[in-house]
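Working notes for the structure below.
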Amino acid sequence: MKRREFFTATLMAVCALALKPAFANHGDIEELVMSDDEWKKKLDAQQYDVLRCEGTERSGTSPLLKEHRTGVFKCAGCGLDLFKSDAKFESGTGWPSFFEAIPGHIQTKTDSKLFMERTEYHCAKCGGHQGHVFDDGPKPTGLRYCNNGVALTFEPEKKT
């Protein structure tokens with residue numbers, strides 16, 4: 001390998017590490033790493049836009065807004081449990097909202113894209129973008145995890 005190619009490859013690797021989001025609240029969950037092509041094969045176009053490109057679905061479009069059964073809301077990218085159904089509430093925002101996440105199952109970072117600082121959260125396992133958390137939610141936490149519905153799946157509680 002030529003010296004210039006070596007330095008270029010090294011610089012690119014350092015930049016990639018520096019540009020990787022710095023998340024807080026990382027627990028003991030093993031990270032799922034997939035290539036961009038693998039994600040594109042696994043997810044539909046809207047899921048890919050939200051989970052991998054930090055997009056936002058249109059308000060009021062998620063069928064999960066009307067989901068009121070007992071169960072668990074999971075990351076659509078990797079299946080990690082993110083929210084229990086008893087933490088879901090009607091926020092009036094048009095997105096599924098929760099007042100509490102399952103401890104250690106999300107990571108947060110500061111998002112300054114809209115010329116203001118917001119707290120963005122991602123799945124702790126696959127890094128998939130879920131939404132933003134605000135401090136205008138109900139008791140007992142006062143938080144509102146405003147989630148993109150396409151970033152979630154719902155698994156109803158199994159009746160025995």
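Each chain of the structure tokens is named A, B, ... in the order shown, its residues numbered from 1; ligands are numbered from 1 in display order.
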
Who sits within 8 Å of stretch 146-160 of chain A, only C-alpha atoms, same chain under 2 positions skipped, as an mmCIF file with N, CA and C atoms, in the first residue's frame:
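Contents of around.cif, as written:
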data_model
loop_
_atom_site.group_PDB
_atom_site.id
_atom_site.type_symbol
_atom_site.label_atom_id
_atom_site.label_comp_id
_atom_site.auth_asym_id
_atom_site.auth_seq_id
_atom_site.Cartn_x
_atom_site.Cartn_y
_atom_site.Cartn_z
ATOM 1 N N GLN A 46 -39.923 3.542 4.033
ATOM 2 C CA GLN A 46 -40.245 4.487 5.103
ATOM 3 C C GLN A 46 -39.514 4.121 6.397
ATOM 4 N N GLN A 47 -39.459 2.839 6.726
ATOM 5 C CA GLN A 47 -38.712 2.411 7.904
ATOM 6 C C GLN A 47 -37.238 2.765 7.770
ATOM 7 N N VAL A 50 -36.697 6.527 8.391
ATOM 8 C CA VAL A 50 -36.804 6.914 9.802
ATOM 9 C C VAL A 50 -35.682 6.288 10.631
ATOM 10 N N LEU A 51 -35.540 4.971 10.562
ATOM 11 C CA LEU A 51 -34.596 4.272 11.433
ATOM 12 C C LEU A 51 -33.134 4.541 11.102
ATOM 13 N N THR A 56 -38.717 11.460 9.634
ATOM 14 C CA THR A 56 -39.928 11.526 10.459
ATOM 15 C C THR A 56 -41.124 11.139 9.605
ATOM 16 N N GLU A 57 -41.965 10.266 10.140
ATOM 17 C CA GLU A 57 -43.188 9.917 9.423
ATOM 18 C C GLU A 57 -44.214 11.039 9.587
ATOM 19 N N SER A 62 -49.783 6.553 11.744
ATOM 20 C CA SER A 62 -49.413 5.255 12.307
ATOM 21 C C SER A 62 -50.608 4.498 12.865
ATOM 22 N N PRO A 63 -50.786 3.242 12.454
ATOM 23 C CA PRO A 63 -51.834 2.405 13.052
ATOM 24 C C PRO A 63 -51.602 2.177 14.552
ATOM 25 N N LEU A 64 -50.363 2.354 15.026
ATOM 26 C CA LEU A 64 -50.065 2.145 16.440
ATOM 27 C C LEU A 64 -50.671 3.221 17.332
ATOM 28 N N LEU A 65 -51.153 4.314 16.739
ATOM 29 C CA LEU A 65 -51.850 5.329 17.531
ATOM 30 C C LEU A 65 -53.075 4.728 18.215
ATOM 31 N N ARG A 69 -53.962 -2.550 23.260
ATOM 32 C CA ARG A 69 -53.866 -3.847 23.936
ATOM 33 C C ARG A 69 -52.660 -3.861 24.874
ATOM 34 N N THR A 70 -52.661 -4.820 25.775
ATOM 35 C CA THR A 70 -51.517 -5.022 26.657
ATOM 36 C C THR A 70 -50.433 -5.737 25.870
ATOM 37 N N GLY A 71 -49.208 -5.265 25.994
ATOM 38 C CA GLY A 71 -48.092 -5.877 25.287
ATOM 39 C C GLY A 71 -46.859 -4.998 25.327
ATOM 40 N N VAL A 72 -46.002 -5.188 24.320
ATOM 41 C CA VAL A 72 -44.721 -4.492 24.266
ATOM 42 C C VAL A 72 -44.523 -3.891 22.877
ATOM 43 N N PHE A 73 -44.033 -2.657 22.846
ATOM 44 C CA PHE A 73 -43.651 -1.993 21.604
ATOM 45 C C PHE A 73 -42.159 -2.227 21.415
ATOM 46 N N LYS A 74 -41.804 -2.739 20.228
ATOM 47 C CA LYS A 74 -40.437 -3.151 19.935
ATOM 48 C C LYS A 74 -39.847 -2.333 18.796
ATOM 49 N N CYS A 75 -38.526 -2.267 18.736
ATOM 50 C CA CYS A 75 -37.839 -1.614 17.626
ATOM 51 C C CYS A 75 -38.121 -2.409 16.346
ATOM 52 N N ALA A 76 -38.566 -1.724 15.303
ATOM 53 C CA ALA A 76 -38.845 -2.388 14.023
ATOM 54 C C ALA A 76 -37.564 -2.821 13.321
ATOM 55 N N GLY A 77 -36.428 -2.286 13.729
ATOM 56 C CA GLY A 77 -35.162 -2.661 13.113
ATOM 57 C C GLY A 77 -34.587 -3.959 13.637
ATOM 58 N N GLY A 79 -36.064 -5.620 16.881
ATOM 59 C CA GLY A 79 -36.955 -6.359 17.772
ATOM 60 C C GLY A 79 -36.721 -6.147 19.256
ATOM 61 N N TRP A 95 -48.398 11.067 16.981
ATOM 62 C CA TRP A 95 -47.391 10.012 17.018
ATOM 63 C C TRP A 95 -47.593 9.207 18.294
ATOM 64 N N PRO A 96 -47.293 7.899 18.269
ATOM 65 C CA PRO A 96 -47.363 7.122 19.501
ATOM 66 C C PRO A 96 -46.455 7.752 20.562
ATOM 67 N N SER A 97 -46.989 7.908 21.771
ATOM 68 C CA SER A 97 -46.228 8.575 22.836
ATOM 69 C C SER A 97 -46.229 7.731 24.100
ATOM 70 N N PHE A 98 -45.123 7.793 24.813
ATOM 71 C CA PHE A 98 -44.905 7.004 26.014
ATOM 72 C C PHE A 98 -44.276 7.895 27.080
ATOM 73 N N GLY A 128 -31.239 2.396 15.693
ATOM 74 C CA GLY A 128 -32.333 2.919 14.877
ATOM 75 C C GLY A 128 -33.002 4.123 15.534
ATOM 76 N N HIS A 129 -33.158 5.185 14.762
ATOM 77 C CA HIS A 129 -33.811 6.411 15.243
ATOM 78 C C HIS A 129 -35.274 6.117 15.556
ATOM 79 N N GLN A 130 -35.710 6.537 16.734
ATOM 80 C CA GLN A 130 -37.092 6.344 17.147
ATOM 81 C C GLN A 130 -37.863 7.654 17.174
ATOM 82 N N GLY A 131 -37.300 8.689 17.748
ATOM 83 C CA GLY A 131 -37.998 9.963 17.866
ATOM 84 C C GLY A 131 -37.277 10.901 18.803
ATOM 85 N N HIS A 132 -38.057 11.766 19.479
ATOM 86 C CA HIS A 132 -37.514 12.753 20.411
ATOM 87 C C HIS A 132 -38.259 12.655 21.734
ATOM 88 N N VAL A 133 -37.570 13.006 22.810
ATOM 89 C CA VAL A 133 -38.192 13.007 24.135
ATOM 90 C C VAL A 133 -38.299 14.447 24.624
ATOM 91 N N PHE A 134 -39.474 14.765 25.173
ATOM 92 C CA PHE A 134 -39.777 16.114 25.660
ATOM 93 C C PHE A 134 -40.193 16.039 27.120
ATOM 94 N N ARG A 144 -42.324 12.787 27.600
ATOM 95 C CA ARG A 144 -43.102 12.346 26.436
ATOM 96 C C ARG A 144 -42.122 11.851 25.385
#

Original post:
Tell me, which residues of chain A carry DSSP helix (DSSP H, G or I), written as a PyMOL selection string?
Top reply: chain A and resi 3-19+36-42+45-53+63-66+85-87+149-151

Saved selection, atoms kept: C-alpha atoms, as a PDB file, in the first residue's frame:
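Once written, again13.pdb looks like this:
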ATOM      1  CA  ARG A   3       1.896   5.920   1.858  1.00  0.00           C
ATOM      2  CA  ARG A   4      -0.754   8.326   0.493  1.00  0.00           C
ATOM      3  CA  GLU A   5      -3.370   5.542   0.348  1.00  0.00           C
ATOM      4  CA  PHE A   6      -2.499   4.506   3.903  1.00  0.00           C
ATOM      5  CA  PHE A   7      -2.886   8.058   5.251  1.00  0.00           C
ATOM      6  CA  THR A   8      -6.127   8.551   3.322  1.00  0.00           C
ATOM      7  CA  ALA A   9      -7.581   5.289   4.660  1.00  0.00           C
ATOM      8  CA  THR A  10      -6.471   6.158   8.195  1.00  0.00           C
ATOM      9  CA  LEU A  11      -7.979   9.642   7.957  1.00  0.00           C
ATOM     10  CA  MET A  12     -11.264   8.222   6.658  1.00  0.00           C
ATOM     11  CA  ALA A  13     -11.416   5.724   9.543  1.00  0.00           C
ATOM     12  CA  VAL A  14     -10.769   8.459  12.117  1.00  0.00           C
ATOM     13  CA  CYS A  15     -13.474  10.658  10.533  1.00  0.00           C
ATOM     14  CA  ALA A  16     -15.976   7.799  10.560  1.00  0.00           C
ATOM     15  CA  LEU A  17     -15.381   7.246  14.272  1.00  0.00           C
ATOM     16  CA  ALA A  18     -15.629  10.968  15.009  1.00  0.00           C
ATOM     17  CA  LEU A  19     -18.896  11.283  13.079  1.00  0.00           C
ATOM     18  CA  ASP A  36     -26.368  -0.152   4.753  1.00  0.00           C
ATOM     19  CA  ASP A  37     -27.268  -2.659   2.027  1.00  0.00           C
ATOM     20  CA  GLU A  38     -28.429  -5.176   4.651  1.00  0.00           C
ATOM     21  CA  TRP A  39     -30.648  -2.516   6.273  1.00  0.00           C
ATOM     22  CA  LYS A  40     -32.126  -1.593   2.885  1.00  0.00           C
ATOM     23  CA  LYS A  41     -33.050  -5.246   2.300  1.00  0.00           C
ATOM     24  CA  LYS A  42     -34.517  -5.696   5.792  1.00  0.00           C
ATOM     25  CA  ALA A  45     -38.448   2.550   2.354  1.00  0.00           C
ATOM     26  CA  GLN A  46     -40.245   4.487   5.103  1.00  0.00           C
ATOM     27  CA  GLN A  47     -38.712   2.411   7.904  1.00  0.00           C
ATOM     28  CA  TYR A  48     -35.274   2.863   6.360  1.00  0.00           C
ATOM     29  CA  ASP A  49     -35.765   6.645   6.140  1.00  0.00           C
ATOM     30  CA  VAL A  50     -36.804   6.914   9.802  1.00  0.00           C
ATOM     31  CA  LEU A  51     -34.596   4.272  11.433  1.00  0.00           C
ATOM     32  CA  ARG A  52     -31.388   4.736   9.459  1.00  0.00           C
ATOM     33  CA  CYS A  53     -31.621   8.364   8.159  1.00  0.00           C
ATOM     34  CA  PRO A  63     -51.834   2.405  13.052  1.00  0.00           C
ATOM     35  CA  LEU A  64     -50.065   2.145  16.440  1.00  0.00           C
ATOM     36  CA  LEU A  65     -51.850   5.329  17.531  1.00  0.00           C
ATOM     37  CA  LYS A  66     -54.948   3.172  18.048  1.00  0.00           C
ATOM     38  CA  SER A  85     -48.018  -0.740  26.745  1.00  0.00           C
ATOM     39  CA  ASP A  86     -48.883   0.631  30.187  1.00  0.00           C
ATOM     40  CA  ALA A  87     -46.493   3.553  29.519  1.00  0.00           C
ATOM     41  CA  GLY A 149     -44.823   4.505  14.484  1.00  0.00           C
ATOM     42  CA  VAL A 150     -42.934   2.954  11.553  1.00  0.00           C
ATOM     43  CA  ALA A 151     -39.937   2.551  13.848  1.00  0.00           C
TER      44      ALA A 151
END

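The gap separating atom CA of A:Ile102 from atom CA of A:Ala124 is 10.6 Å, in Å to one decimal.
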
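Atom pair atom CA of A:Glu67 / atom CA of A:Lys84 has a distance of 12.0 Å (rounded to one decimal).
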
Subject >> For atom CA of A:Thr108 and atom CA of A:His122, the interatomic separation in Å (one decimal) >> reply: 6.3 Å

Original post:
Which residues come within 7 Å of A:Phe99, counting only C-alpha atoms, excluding same-chain residues fewer than 2 positions away, as a ChimeraX atom specification?
Top reply: /A:87-88,97,137-138,141-145
